[in-house]
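Heads up, run.cif below (mmCIF, C-alpha atoms):
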data_run
#
loop_
_atom_site.label_atom_id
_atom_site.label_comp_id
_atom_site.auth_asym_id
_atom_site.auth_seq_id
_atom_site.Cartn_x
_atom_site.Cartn_y
_atom_site.Cartn_z
CA MET B 254 -13.30 -9.91 -22.92
CA SER B 255 -16.04 -7.27 -23.31
CA GLU B 256 -19.29 -8.96 -22.32
CA GLN B 257 -22.69 -8.00 -21.01
CA SER B 258 -22.42 -7.38 -17.30
CA THR B 259 -24.89 -8.31 -14.62
CA HIS B 260 -25.89 -4.65 -14.42
CA GLY B 261 -26.96 -4.57 -18.05
CA ARG B 262 -24.00 -2.74 -19.55
CA VAL B 263 -20.93 -3.69 -21.50
CA GLY B 264 -17.74 -3.59 -19.46
CA ASN B 265 -14.28 -3.13 -20.94
CA PRO B 266 -11.47 -4.73 -18.91
CA TRP B 267 -9.01 -1.90 -19.58
CA VAL B 268 -11.53 0.79 -18.62
CA MET B 269 -12.27 -1.11 -15.43
CA LEU B 270 -8.53 -1.43 -14.74
CA ALA B 271 -7.99 2.29 -15.31
CA MET B 272 -10.86 3.26 -13.00
CA ALA B 273 -9.72 0.85 -10.30
CA THR B 274 -6.13 2.13 -10.49
CA LEU B 275 -7.37 5.73 -10.24
CA GLY B 276 -9.49 4.86 -7.22
CA PHE B 277 -6.58 3.12 -5.54
CA ALA B 278 -4.33 6.14 -6.15
CA LEU B 279 -6.84 8.66 -4.81
CA ASN B 280 -7.59 6.65 -1.69
CA PHE B 281 -3.87 6.17 -1.07
CA TRP B 282 -3.37 9.92 -1.49
CA ALA B 283 -5.85 10.43 1.34
CA TRP B 284 -4.33 7.58 3.37
CA ALA B 285 -0.89 9.27 3.29
CA LEU B 286 -1.95 12.84 4.13
CA LEU B 287 -0.42 12.83 7.62
CA SER B 288 2.98 11.46 6.57
CA PRO B 289 4.45 14.70 5.13
CA LEU B 290 2.83 16.85 7.84
CA GLY B 291 4.12 14.92 10.86
CA PRO B 292 7.73 16.20 10.73
CA LEU B 293 6.46 19.70 9.91
CA PHE B 294 4.18 19.72 12.97
CA ARG B 295 7.14 18.70 15.13
CA LYS B 296 9.47 21.32 13.68
CA GLU B 297 6.97 24.18 13.98
CA GLY B 298 5.64 23.14 17.37
CA THR B 299 2.10 23.27 16.02
CA LEU B 300 0.98 20.43 18.29
CA GLY B 301 3.20 21.30 21.22
CA ASP B 302 6.39 19.49 22.18
CA ILE B 303 6.01 16.16 20.37
CA SER B 304 8.85 13.65 20.03
CA GLU B 305 10.14 11.60 17.11
CA SER B 306 8.21 8.63 18.49
CA ASP B 307 5.03 10.74 18.57
CA VAL B 308 5.50 11.60 14.89
CA SER B 309 6.11 7.92 14.09
CA LEU B 310 2.86 6.96 15.83
CA MET B 311 0.93 9.71 14.01
CA VAL B 312 1.96 8.50 10.56
CA ALA B 313 1.68 4.82 11.48
CA VAL B 314 -1.89 4.77 12.85
CA PRO B 315 -3.61 5.10 9.43
CA VAL B 316 -1.32 2.36 8.11
CA VAL B 317 -2.31 -0.25 10.69
CA VAL B 318 -6.03 0.52 10.47
CA GLY B 319 -5.98 0.46 6.68
CA SER B 320 -4.10 -2.81 6.84
CA LEU B 321 -6.35 -4.68 9.26
CA GLY B 322 -9.43 -3.34 7.51
CA ARG B 323 -8.35 -5.04 4.29
CA ILE B 324 -9.14 -8.45 5.76
CA TRP B 325 -12.86 -7.66 5.94
CA ILE B 326 -12.98 -5.40 2.90
CA GLY B 327 -11.34 -8.09 0.74
CA ALA B 328 -13.88 -10.68 1.88
CA LEU B 329 -16.76 -8.22 1.35
CA THR B 330 -15.47 -7.51 -2.16
CA ASP B 331 -15.58 -11.22 -2.97
CA ARG B 332 -19.25 -11.13 -1.98
CA TYR B 333 -20.51 -7.74 -3.22
CA GLY B 334 -17.99 -6.81 -5.92
CA GLY B 335 -15.85 -3.77 -6.60
CA ARG B 336 -18.70 -1.88 -8.25
CA ILE B 337 -20.24 -1.35 -4.79
CA MET B 338 -17.13 -1.40 -2.61
CA PHE B 339 -15.01 1.19 -4.48
CA PRO B 340 -17.58 4.03 -4.18
CA LEU B 341 -18.37 2.97 -0.60
CA VAL B 342 -14.75 3.03 0.59
CA SER B 343 -14.05 6.31 -1.22
CA ALA B 344 -17.10 8.03 0.30
CA ALA B 345 -16.36 6.71 3.79
CA THR B 346 -12.79 8.07 3.64
CA ILE B 347 -14.11 11.62 3.16
CA VAL B 348 -15.50 11.71 6.72
CA PRO B 349 -12.16 11.48 8.62
CA ILE B 350 -10.55 13.84 6.11
CA LEU B 351 -13.08 16.54 6.96
CA PHE B 352 -12.72 15.74 10.67
CA LEU B 353 -8.97 16.33 10.41
CA ALA B 354 -9.49 19.59 8.53
CA PHE B 355 -12.09 21.21 10.78
CA VAL B 356 -11.79 19.54 14.18
CA ALA B 357 -8.42 17.88 14.75
CA ILE B 358 -5.80 20.04 13.03
CA ASP B 359 -4.50 21.66 16.25
CA SER B 360 -4.68 18.63 18.56
CA TYR B 361 -2.30 15.69 18.57
CA ALA B 362 -4.82 13.42 20.30
CA LEU B 363 -7.60 14.29 17.84
CA ILE B 364 -5.23 13.81 14.89
CA LEU B 365 -4.63 10.26 16.13
CA VAL B 366 -8.41 9.73 16.21
CA GLY B 367 -8.80 11.16 12.70
CA GLY B 368 -5.80 9.15 11.50
CA PHE B 369 -7.41 5.98 12.83
CA PHE B 370 -10.44 6.41 10.58
CA LEU B 371 -8.31 7.78 7.75
CA GLY B 372 -7.05 4.20 7.54
CA ILE B 373 -10.26 3.36 5.66
CA GLY B 374 -8.60 4.75 2.53
CA GLY B 375 -5.91 2.11 2.79
CA THR B 376 -8.44 -0.69 2.40
CA ALA B 377 -9.08 0.25 -1.26
CA PHE B 378 -6.25 -2.08 -2.24
CA ALA B 379 -8.24 -5.13 -1.14
CA VAL B 380 -11.14 -3.97 -3.33
CA GLY B 381 -9.11 -3.53 -6.49
CA VAL B 382 -7.12 -6.77 -6.70
CA PRO B 383 -10.09 -9.20 -6.85
CA PHE B 384 -12.04 -6.71 -9.01
CA VAL B 385 -9.23 -6.49 -11.58
CA ASN B 386 -8.34 -10.16 -11.30
CA ALA B 387 -11.87 -11.17 -12.35
CA TRP B 388 -11.70 -9.06 -15.53
CA PHE B 389 -8.54 -10.68 -16.96
CA PRO B 390 -7.55 -14.21 -18.03
CA PRO B 391 -4.91 -16.04 -15.95
CA GLN B 392 -2.08 -15.29 -18.39
CA ARG B 393 -2.61 -11.52 -17.98
CA ARG B 394 -3.43 -11.25 -14.29
CA GLY B 395 0.13 -10.60 -13.19
CA LEU B 396 0.41 -7.60 -15.50
CA ALA B 397 -3.12 -6.37 -14.73
CA THR B 398 -2.73 -6.50 -10.95
CA GLY B 399 0.74 -4.97 -11.33
CA ILE B 400 -0.71 -2.03 -13.26
CA PHE B 401 -3.42 -1.67 -10.63
CA GLY B 402 -0.70 -1.68 -7.98
CA MET B 403 0.73 1.50 -9.52
CA GLY B 404 -2.07 3.22 -7.65
CA MET B 405 0.16 3.06 -4.60
CA GLY B 406 1.76 6.12 -6.22
CA GLY B 407 -1.02 8.07 -4.55
CA THR B 408 1.43 8.46 -1.68
CA ALA B 409 3.68 10.40 -4.09
CA ILE B 410 0.84 12.83 -4.79
CA SER B 411 0.60 13.43 -1.07
CA ALA B 412 4.36 13.83 -0.71
CA LEU B 413 4.62 16.34 -3.55
CA THR B 414 1.59 18.46 -2.74
CA THR B 415 0.58 18.31 0.93
CA VAL B 416 3.30 20.46 2.50
CA LYS B 417 3.25 23.00 -0.33
CA ILE B 418 -0.53 23.40 -0.16
CA TYR B 419 -0.45 23.54 3.65
CA GLU B 420 2.19 26.28 3.70
CA ASN B 421 1.12 28.33 0.67
CA ILE B 422 -2.68 28.19 0.77
CA ASP B 423 -4.20 27.13 4.08
CA GLU B 424 -3.75 24.46 6.73
CA THR B 425 -7.08 22.87 5.82
CA ALA B 426 -6.57 23.05 2.04
CA PRO B 427 -4.78 19.67 1.56
CA PHE B 428 -7.67 17.92 3.29
CA LEU B 429 -10.43 19.80 1.50
CA ILE B 430 -8.92 19.22 -1.94
CA THR B 431 -8.50 15.50 -1.27
CA ALA B 432 -12.06 15.22 0.06
CA ALA B 433 -13.45 16.96 -3.04
CA VAL B 434 -11.52 14.69 -5.41
CA LEU B 435 -12.68 11.57 -3.58
CA ALA B 436 -16.28 12.76 -3.69
CA VAL B 437 -16.09 13.15 -7.46
CA TYR B 438 -14.51 9.71 -7.82
CA ALA B 439 -17.16 8.06 -5.62
CA VAL B 440 -19.90 9.35 -7.95
CA VAL B 441 -18.07 8.57 -11.20
CA SER B 442 -17.04 5.08 -10.08
CA TRP B 443 -20.64 4.26 -9.15
CA LEU B 444 -21.69 5.22 -12.65
CA VAL B 445 -18.80 3.62 -14.59
CA LEU B 446 -17.60 0.52 -12.74
CA ARG B 447 -19.08 -2.88 -13.59
CA ASP B 448 -18.17 -6.24 -12.09
CA ALA B 449 -16.89 -8.92 -14.46
CA PRO B 450 -19.75 -10.99 -15.95
CA ASP B 451 -18.15 -14.30 -14.93
CA ARG B 452 -17.11 -13.15 -11.45
CA GLN B 453 -17.35 -16.05 -9.02
CA VAL B 454 -19.48 -15.08 -6.01
CA PRO B 455 -18.88 -17.13 -2.84
CA THR B 456 -21.90 -18.67 -1.13
CA THR B 457 -20.44 -19.33 2.33
CA SER B 458 -20.56 -16.89 5.24
CA LEU B 459 -17.99 -14.14 5.81
CA ALA B 460 -16.64 -15.91 8.91
CA GLN B 461 -16.26 -19.21 7.04
CA ARG B 462 -14.44 -17.53 4.16
CA LEU B 463 -12.07 -15.67 6.48
CA ARG B 464 -11.27 -18.87 8.34
CA SER B 465 -10.78 -21.04 5.25
CA ASN B 466 -8.65 -18.42 3.48
CA ALA B 467 -6.48 -17.85 6.53
CA VAL B 468 -5.35 -21.48 6.73
CA LEU B 469 -4.24 -21.77 3.10
CA PRO B 470 -0.45 -22.19 2.82
CA ILE B 471 -0.27 -19.58 0.04
CA THR B 472 -2.01 -17.05 2.31
CA TRP B 473 0.47 -17.04 5.16
CA GLN B 474 3.47 -17.43 2.87
CA ALA B 475 2.42 -14.57 0.59
CA SER B 476 1.65 -12.55 3.73
CA ILE B 477 5.28 -12.79 4.81
CA LEU B 478 6.53 -11.95 1.33
CA TYR B 479 4.23 -8.94 1.05
CA ALA B 480 4.92 -7.77 4.60
CA VAL B 481 8.57 -7.35 3.61
CA ALA B 482 8.10 -6.05 0.04
CA PHE B 483 5.09 -3.77 0.30
CA GLY B 484 5.60 -3.23 4.02
CA GLY B 485 9.10 -1.98 3.27
CA TYR B 486 7.71 0.35 0.62
CA VAL B 487 5.03 1.72 2.96
CA ALA B 488 7.51 2.12 5.80
CA PHE B 489 9.88 4.15 3.64
CA SER B 490 7.09 6.17 2.06
CA VAL B 491 5.69 7.27 5.43
CA TYR B 492 8.96 7.56 7.36
CA LEU B 493 11.50 8.63 4.76
CA PRO B 494 10.71 12.37 5.14
CA ALA B 495 11.39 12.22 8.90
CA TYR B 496 14.52 10.09 8.34
CA LEU B 497 15.98 12.42 5.70
CA GLN B 498 15.33 15.53 7.76
CA THR B 499 16.88 14.03 10.88
CA ALA B 500 19.77 12.01 9.41
CA HIS B 501 20.70 14.31 6.51
CA ASP B 502 19.42 17.75 7.63
CA LEU B 503 17.12 18.22 4.62
CA SER B 504 14.21 20.64 4.59
CA ALA B 505 10.64 19.30 4.81
CA ALA B 506 10.00 20.12 1.15
CA ASP B 507 13.28 18.56 -0.06
CA ALA B 508 12.72 15.43 2.00
CA SER B 509 9.18 15.07 0.64
CA ASN B 510 10.43 15.48 -2.94
CA ARG B 511 13.06 12.78 -2.45
CA MET B 512 10.47 10.49 -0.88
CA ALA B 513 8.27 11.11 -3.93
CA GLY B 514 11.17 9.97 -6.15
CA PHE B 515 11.44 6.78 -4.10
CA VAL B 516 7.70 6.20 -4.51
CA VAL B 517 7.72 6.83 -8.26
CA VAL B 518 10.48 4.27 -8.85
CA ALA B 519 8.65 1.67 -6.75
CA VAL B 520 5.36 2.40 -8.52
CA LEU B 521 6.87 2.02 -11.99
CA MET B 522 8.47 -1.28 -11.07
CA ARG B 523 5.33 -2.85 -9.61
CA PRO B 524 3.75 -3.78 -12.99
CA VAL B 525 7.16 -5.01 -14.11
CA GLY B 526 7.10 -7.51 -11.25
CA GLY B 527 3.62 -8.69 -12.25
CA TRP B 528 4.54 -8.84 -15.94
CA LEU B 529 7.62 -10.93 -15.21
CA CYS B 530 5.49 -13.39 -13.23
CA ASP B 531 3.36 -13.97 -16.33
CA ARG B 532 6.52 -15.06 -18.16
CA VAL B 533 8.94 -16.61 -15.68
CA ASP B 534 8.69 -18.37 -12.33
CA PRO B 535 7.43 -15.88 -9.67
CA VAL B 536 9.80 -17.50 -7.18
CA LEU B 537 12.80 -16.29 -9.21
CA VAL B 538 11.43 -12.75 -9.38
CA LEU B 539 10.77 -12.66 -5.64
CA ALA B 540 14.16 -14.16 -4.79
CA ALA B 541 15.91 -11.41 -6.77
CA THR B 542 13.80 -8.82 -4.96
CA TYR B 543 14.82 -9.83 -1.46
CA ALA B 544 18.47 -10.24 -2.39
CA VAL B 545 18.59 -6.65 -3.65
CA VAL B 546 16.75 -5.30 -0.59
CA ALA B 547 19.13 -7.10 1.77
CA VAL B 548 22.18 -5.59 0.06
CA GLY B 549 20.63 -2.12 -0.24
CA ALA B 550 19.59 -1.98 3.42
CA ALA B 551 23.08 -3.06 4.50
CA ILE B 552 24.60 -0.24 2.45
CA THR B 553 22.23 2.45 3.78
CA ALA B 554 22.90 1.31 7.35
CA GLY B 555 26.30 2.95 6.95
CA ASN B 556 24.56 6.31 6.32
CA PRO B 557 26.38 7.04 3.02
CA PRO B 558 26.06 10.58 1.57
CA LEU B 559 22.93 11.27 -0.48
CA ASP B 560 24.91 12.82 -3.34
CA GLY B 561 26.37 9.41 -4.17
CA ILE B 562 25.84 5.82 -3.10
CA GLY B 563 23.12 6.73 -0.59
CA THR B 564 20.63 7.87 -3.21
CA VAL B 565 21.49 4.98 -5.52
CA ALA B 566 20.95 2.45 -2.72
CA PHE B 567 17.56 3.91 -1.80
CA LEU B 568 16.38 4.00 -5.42
CA VAL B 569 17.53 0.44 -6.13
CA MET B 570 15.71 -0.71 -3.00
CA ALA B 571 12.62 1.17 -4.19
CA ALA B 572 12.76 -0.68 -7.51
CA ALA B 573 13.13 -4.05 -5.77
CA LEU B 574 10.34 -3.38 -3.27
CA GLY B 575 8.00 -2.28 -6.07
CA MET B 576 8.84 -5.32 -8.20
CA GLY B 577 8.39 -7.65 -5.23
CA SER B 578 5.01 -6.14 -4.40
CA GLY B 579 3.78 -6.82 -7.93
CA ALA B 580 5.33 -10.28 -8.03
CA THR B 581 3.59 -11.34 -4.82
CA PHE B 582 0.18 -10.97 -6.46
CA GLY B 583 1.48 -12.56 -9.62
CA LEU B 584 2.23 -15.55 -7.40
CA ILE B 585 -1.23 -15.44 -5.77
CA ALA B 586 -2.92 -15.34 -9.18
CA GLN B 587 -1.20 -18.61 -10.02
CA ALA B 588 -1.58 -20.37 -6.67
CA ALA B 589 -5.04 -19.35 -5.35
CA GLU B 590 -8.52 -20.24 -6.60
CA PRO B 591 -10.25 -17.26 -8.35
CA ALA B 592 -13.17 -17.19 -5.88
CA ARG B 593 -10.68 -16.89 -3.00
CA VAL B 594 -8.51 -14.13 -4.47
CA GLY B 595 -10.33 -11.31 -2.66
CA GLY B 596 -10.16 -13.03 0.71
CA VAL B 597 -6.53 -14.04 0.27
CA THR B 598 -5.70 -10.57 -1.01
CA GLY B 599 -7.33 -8.99 2.05
CA ILE B 600 -5.24 -11.03 4.46
CA VAL B 601 -2.04 -10.61 2.45
CA GLY B 602 -2.73 -6.89 2.00
CA ALA B 603 -3.24 -6.57 5.75
CA ALA B 604 0.12 -8.23 6.33
CA GLY B 605 1.74 -5.80 3.89
CA GLY B 606 0.29 -2.80 5.65
CA LEU B 607 1.26 -4.15 9.06
CA GLY B 608 4.73 -4.66 7.65
CA GLY B 609 4.71 -0.91 7.03
CA PHE B 610 3.34 -0.11 10.49
CA VAL B 611 6.07 -1.64 12.62
CA PRO B 612 9.28 -0.22 11.05
CA PRO B 613 8.47 3.51 11.51
CA LEU B 614 7.68 2.93 15.19
CA LEU B 615 10.78 0.78 15.60
CA MET B 616 12.99 3.29 13.78
CA GLY B 617 11.65 6.16 15.89
CA TYR B 618 12.12 4.17 19.10
CA ILE B 619 15.67 3.09 18.23
CA TYR B 620 16.70 6.57 17.10
CA GLY B 621 15.29 8.12 20.27
CA ARG B 622 17.62 5.95 22.32
CA THR B 623 20.70 5.65 20.13
CA ASP B 624 20.64 8.71 17.81
CA SER B 625 21.22 6.26 14.96
CA TYR B 626 19.12 4.59 12.28
CA ALA B 627 21.75 1.92 11.54
CA ILE B 628 20.22 -0.76 13.79
CA GLY B 629 16.83 -0.44 12.12
CA LEU B 630 18.32 -0.70 8.63
CA TRP B 631 20.41 -3.73 9.59
CA LEU B 632 17.23 -5.37 10.87
CA LEU B 633 15.68 -4.78 7.44
CA ALA B 634 18.70 -6.36 5.75
CA ILE B 635 18.48 -9.46 7.97
CA THR B 636 14.70 -9.72 7.45
CA ALA B 637 15.09 -9.54 3.66
CA ALA B 638 17.78 -12.24 3.74
CA LEU B 639 15.55 -14.57 5.79
CA THR B 640 12.64 -13.91 3.41
CA LEU B 641 14.89 -14.82 0.49
CA LEU B 642 15.57 -18.16 2.18
CA LEU B 643 11.84 -18.75 2.73
CA THR B 644 11.11 -17.93 -0.92
CA VAL B 645 13.53 -20.42 -2.45
CA THR B 646 12.47 -23.24 -0.11
CA VAL B 647 8.92 -23.26 1.33
CA VAL B 648 7.27 -20.90 -1.19
CA ARG B 649 8.82 -22.78 -4.11
CA ARG B 650 7.31 -26.07 -2.87
CA THR B 651 3.85 -24.50 -2.41
CA LYS B 652 3.90 -23.07 -5.92
CA GLU B 653 4.97 -26.43 -7.39
CA LEU B 654 2.14 -28.24 -5.55
CA ALA B 655 -0.42 -25.74 -6.90
CA HIS B 656 0.64 -26.68 -10.43
CA ALA B 657 0.93 -30.43 -9.79
#
Just dump the structure as C-alpha cells.
Amino acid sequence: MSEQSTHGRVGNPWVMLAMATLGFALNFWAWALLSPLGPLFRKEGTLGDISESDVSLMVAVPVVVGSLGRIWIGALTDRYGGRIMFPLVSAATIVPILFLAFVAIDSYALILVGGFFLGIGGTAFAVGVPFVNAWFPPQRRGLATGIFGMGMGGTAISALTTVKIYENIDETAPFLITAAVLAVYAVVSWLVLRDAPDRQVPTTSLAQRLRSNAVLPITWQASILYAVAFGGYVAFSVYLPAYLQTAHDLSAADASNRMAGFVVVAVLMRPVGGWLCDRVDPVLVLAATYAVVAVGAAITAGNPPLDGIGTVAFLVMAAALGMGSGATFGLIAQAAEPARVGGVTGIVGAAGGLGGFVPPLLMGYIYGRTDSYAIGLWLLAITAALTLLLTVTVVRRTKELAHA
C-alpha cells in the first residue's frame, strides 16, 4: 500500500490513519468544550439565572453547526483531499476557542455565538472518512474507518479534563490548552499527511456533487441509521452530565467522569462494528445495534439506580451505539462508489450530528414541563425499534442491489 504520493513523498496507510484519528480526536475535544461547563455555569450562576433549556441550547449549538458543516466539508474533501482540509479545519477551530476564552466566558449570548463557530471542529469527521477510505482496500475499509471513528473519544478528553482545569487552574485554561494543542496539530498534519496516490478526484462542481449524492438511496438510508446510532452517542455525550446531576444528584465532576466512561465504551466498540462489517453482513450488525438500544432505552426510562441496572443499561447502550456508528460506515464502504464516499459521508455525518442536536433540546424541554426524563427515553426506544425495522427491510434491499 505504500506508494509515491502526488506530493512527492511515500505515504504509509497506518501512519495516515493514526494522524487522521488524532486530528479527529483533538477537534472533537474542542467541539465538546461547552458540554461539561454548561451544568456548572447553571449551578454557580456564572451566566445569571439560566434554565435547563438554556443549558441544552448551549451544548447543542456546536453540534448542529458541526453537523451541517460536514455536508460541505465532506464534498470539499473529495475535491481537495484531507492533506489540505485537516490542517485548515483544525486552524479554523482555534478562532472560536480563543473568542470563548477572552470575550465570551461571562456572557450567555456571546457563548452561543462562540459555540456556533466552535461547531467547525465537528466537521473534521467528514474530512477523515474519505481520507482514510482512500488509503485502504475495500476488505479493510470497515476496520480502518472504525479505528478512525475512535477519534470521537475526544469528547471523553473534554469530559475528564475541562471542569477540573476550569476549577483548579483558571476559567480560560481549558480553552487555551485546547487551542495550543490544535495549533501544534495543524502544523504537524500539514507536514505529515499525504493523500492516497490513487485517490479519485471528482471533476463535477460542488453543487452537482451535493445534489447527486443526496439522491442516492444509500445516502438517506445511512443518514437515518447514523442519526440514531451516532446521534444517540452525541446526545448522551453532551447531555449525560446534566441528566446525571439532575436525575441522580451527582456532582459535576462525578457526572463528567461517568459520561467519560460511556464515551470510552462507545469509542472502543466503534472499530468492532467496522471490523464485523468486513466479515459479516452489515445489516445483521446494525440490526443487533438497534435492538439493544431499544431495550436499553426502555430500561433507563424507569430511572433505575446507578449502582445496579442503571449503569449496566447505559454502558450496554454505549457499546451498541458505538458499534452501530462504525457499522454504518462499513455499510457505506460496501454500497457507495469510492469517489462519492466523501460527499455521502458529509451528508450522513450531518444527519448523525443533527441526531445528536435534537434529543438534548427535547429532553430539556420535556423535563422542564414534567420533571421527568422518562418520556424522552421512551421516544429513543421507539425510534430505535423503528430503525431496526427499516434496517432489516429497506436497507437490506439496497445493500443487495449494490452487490447484484
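Of note, CA of Val518 in chain B and CA of Phe281 in chain B are spaced 16.4 Å apart.
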Run through the PyMOL selection byres ((chain B and resi 429) around 10) on the given coordinates and return the selected residues as an mmCIF file with C-alpha atoms, in the frame of the given file.
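Final output, saved to selection-v2.cif:
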data_model
loop_
_atom_site.group_PDB
_atom_site.id
_atom_site.type_symbol
_atom_site.label_atom_id
_atom_site.label_comp_id
_atom_site.auth_asym_id
_atom_site.auth_seq_id
_atom_site.Cartn_x
_atom_site.Cartn_y
_atom_site.Cartn_z
ATOM 1 C CA ILE B 347 -14.110 11.620 3.160
ATOM 2 C CA ILE B 350 -10.550 13.840 6.110
ATOM 3 C CA LEU B 351 -13.080 16.540 6.960
ATOM 4 C CA LEU B 353 -8.970 16.330 10.410
ATOM 5 C CA ALA B 354 -9.490 19.590 8.530
ATOM 6 C CA PHE B 355 -12.090 21.210 10.780
ATOM 7 C CA ASP B 423 -4.200 27.130 4.080
ATOM 8 C CA GLU B 424 -3.750 24.460 6.730
ATOM 9 C CA THR B 425 -7.080 22.870 5.820
ATOM 10 C CA ALA B 426 -6.570 23.050 2.040
ATOM 11 C CA PRO B 427 -4.780 19.670 1.560
ATOM 12 C CA PHE B 428 -7.670 17.920 3.290
ATOM 13 C CA ILE B 430 -8.920 19.220 -1.940
ATOM 14 C CA THR B 431 -8.500 15.500 -1.270
ATOM 15 C CA ALA B 432 -12.060 15.220 0.060
ATOM 16 C CA ALA B 433 -13.450 16.960 -3.040
ATOM 17 C CA VAL B 434 -11.520 14.690 -5.410
ATOM 18 C CA LEU B 435 -12.680 11.570 -3.580
#
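The space between CA of Gly599 in chain B and CA of Ala387 in chain B spans 15.3 Å.
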For range 360-427 of chain B versus range 304-321 of chain B, which residues have an atom no more than 10 Å away, and what is each residue's nearest atom pair and distance in Å rounded to one decimal, using all atoms listed in the file, chain-then-number order, as a tab-separated table?
residue	atom	partner	partner_atom	distance
B:Tyr361	CA	B:Met311	CA	8.2
B:Ala362	CA	B:Met311	CA	9.3
B:Ile364	CA	B:Met311	CA	7.5
B:Leu365	CA	B:Met311	CA	6.0
B:Val366	CA	B:Val314	CA	8.9
B:Gly367	CA	B:Pro315	CA	8.6
B:Gly368	CA	B:Pro315	CA	5.0
B:Phe369	CA	B:Pro315	CA	5.2
B:Phe370	CA	B:Pro315	CA	7.0
B:Leu371	CA	B:Pro315	CA	5.7
B:Gly372	CA	B:Gly319	CA	4.0
B:Ile373	CA	B:Gly319	CA	5.3
B:Gly374	CA	B:Gly319	CA	6.5
B:Gly375	CA	B:Gly319	CA	4.2
B:Thr376	CA	B:Gly319	CA	5.1
B:Ala377	CA	B:Gly319	CA	8.5
B:Phe378	CA	B:Gly319	CA	9.3
B:Ala379	CA	B:Ser320	CA	9.3
Pro557 in chain B environment, 10 Å, all atoms listed in the file, sequence neighbours closer than 6 positions dropped, as a PyMOL selection string: chain B and resi 501+563-564+566
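Using all atoms listed in the file, the nearest neighbour of Gly322 in chain B within the list B:Ile418, B:Ala604, B:Val647, B:Ala500 is B:Ala604.
Selection check: the PyMOL selection byres ((chain B and resi 290) around 9) on the shown file gives Leu286, Leu287, Ser288, Pro289, Gly291, Pro292, Leu293, Phe294, Arg295, Val312, Thr415, Val416, Tyr419 and Ala505 of chain B.
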Expected selection from the PyMOL selection byres ((chain B and resi 278) around 12), given as a VMD selection string: chain B and resid 271 to 277 279 to 285 339 343 374 to 378 381 400 to 411 431 434 to 435 438 520
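Between CA of Leu584 in chain B and CA of Thr457 in chain B there is a distance of 25.0 Å.
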May I ask which of the residues B:Arg593, B:Arg393, B:Arg511, B:Arg622 is the closest one to Leu413 in chain B, counting all atoms listed in the file? B:Arg511
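Distance check against Leu463 in chain B using all atoms listed in the file: of B:Val548, B:Val601, B:Val437, B:Ala495, the minimum falls on B:Val601.
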Could you give me, as CSV, a per-residue list for range 605-654 of chain B showing, wherever an atom lies at most 10 Å from an atom of range 464-484 of chain B, the closest pair of atoms and their distance in Å to one decimal, using only C-alpha atoms and sorting by chain then residue number from low to high?
residue,atom,partner,partner_atom,distance
B:Gly605,CA,B:Ala480,CA,3.8
B:Gly606,CA,B:Gly484,CA,5.6
B:Leu607,CA,B:Gly484,CA,6.7
B:Gly608,CA,B:Gly484,CA,4.0
B:Gly609,CA,B:Gly484,CA,3.9
B:Phe610,CA,B:Gly484,CA,7.5
B:Val611,CA,B:Gly484,CA,8.8
B:Pro612,CA,B:Gly484,CA,8.5
B:Leu633,CA,B:Val481,CA,8.5
B:Thr636,CA,B:Val481,CA,7.6
B:Ala637,CA,B:Val481,CA,6.9
B:Thr640,CA,B:Leu478,CA,6.7
B:Leu641,CA,B:Leu478,CA,8.9
B:Leu643,CA,B:Gln474,CA,8.5
B:Thr644,CA,B:Leu478,CA,7.9
B:Val647,CA,B:Gln474,CA,8.1
B:Val648,CA,B:Gln474,CA,6.6
B:Thr651,CA,B:Ile471,CA,6.9
B:Lys652,CA,B:Ile471,CA,8.1
Any idea what's packed within 10 Å of Ser625 in chain B, counting only C-alpha atoms, ignoring anything in its chain fewer than 2 positions away? Could you give it as number ranges by chain? B: 499-500, 554, 556, 616-617, 619-623, 627-630
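Using only C-alpha atoms for every distance, the candidate list B:Met576, B:Val594, B:Ala586, B:Ala460 yields B:Val594 as the residue closest to Phe384 in chain B.
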I'd like the neighbourhood of Val536 in chain B as a PyMOL selection string, where a residue qualifies if any of its atoms comes within 7 Å (using only C-alpha atoms), though same-chain residues fewer than 3 positions away should be ignored. chain B and resi 539-540+644-645+649
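Using all atoms listed in the file, the contacts of Arg452 in chain B at a cut-off of 12 Å, with sequence neighbours closer than 4 positions omitted, comprise Glu256, Ser258, Thr259, Thr330, Asp331, Arg332, Tyr333, Gly334, Gly335, Arg336, Pro383, Phe384, Val385, Asn386, Ala387, Trp388, Phe389, Pro390, Arg447, Asp448, Pro591, Ala592, Arg593, Val594 and Gly595 of chain B.
Counting all atoms listed in the file, the residue from B:Leu329, B:Leu497, B:Ala436, B:Ile324 that sits nearest to Pro558 in chain B is B:Leu497.
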Can you tell me which residues surround Ala541 in chain B at a distance of at most 9 Å, considering only C-alpha atoms, apart from same-chain residues fewer than 3 positions away, and format the answer as a short mmCIF file (atom, residue, chain, number, x, y, z; two decimals) with C-alpha atoms, in the frame of the given file?
data_model
loop_
_atom_site.label_atom_id
_atom_site.label_comp_id
_atom_site.auth_asym_id
_atom_site.auth_seq_id
_atom_site.Cartn_x
_atom_site.Cartn_y
_atom_site.Cartn_z
CA VAL B 536 9.80 -17.50 -7.18
CA LEU B 537 12.80 -16.29 -9.21
CA VAL B 538 11.43 -12.75 -9.38
CA ALA B 544 18.47 -10.24 -2.39
CA VAL B 545 18.59 -6.65 -3.65
CA VAL B 546 16.75 -5.30 -0.59
CA ALA B 573 13.13 -4.05 -5.77
CA GLY B 577 8.39 -7.65 -5.23
CA LEU B 641 14.89 -14.82 0.49
#
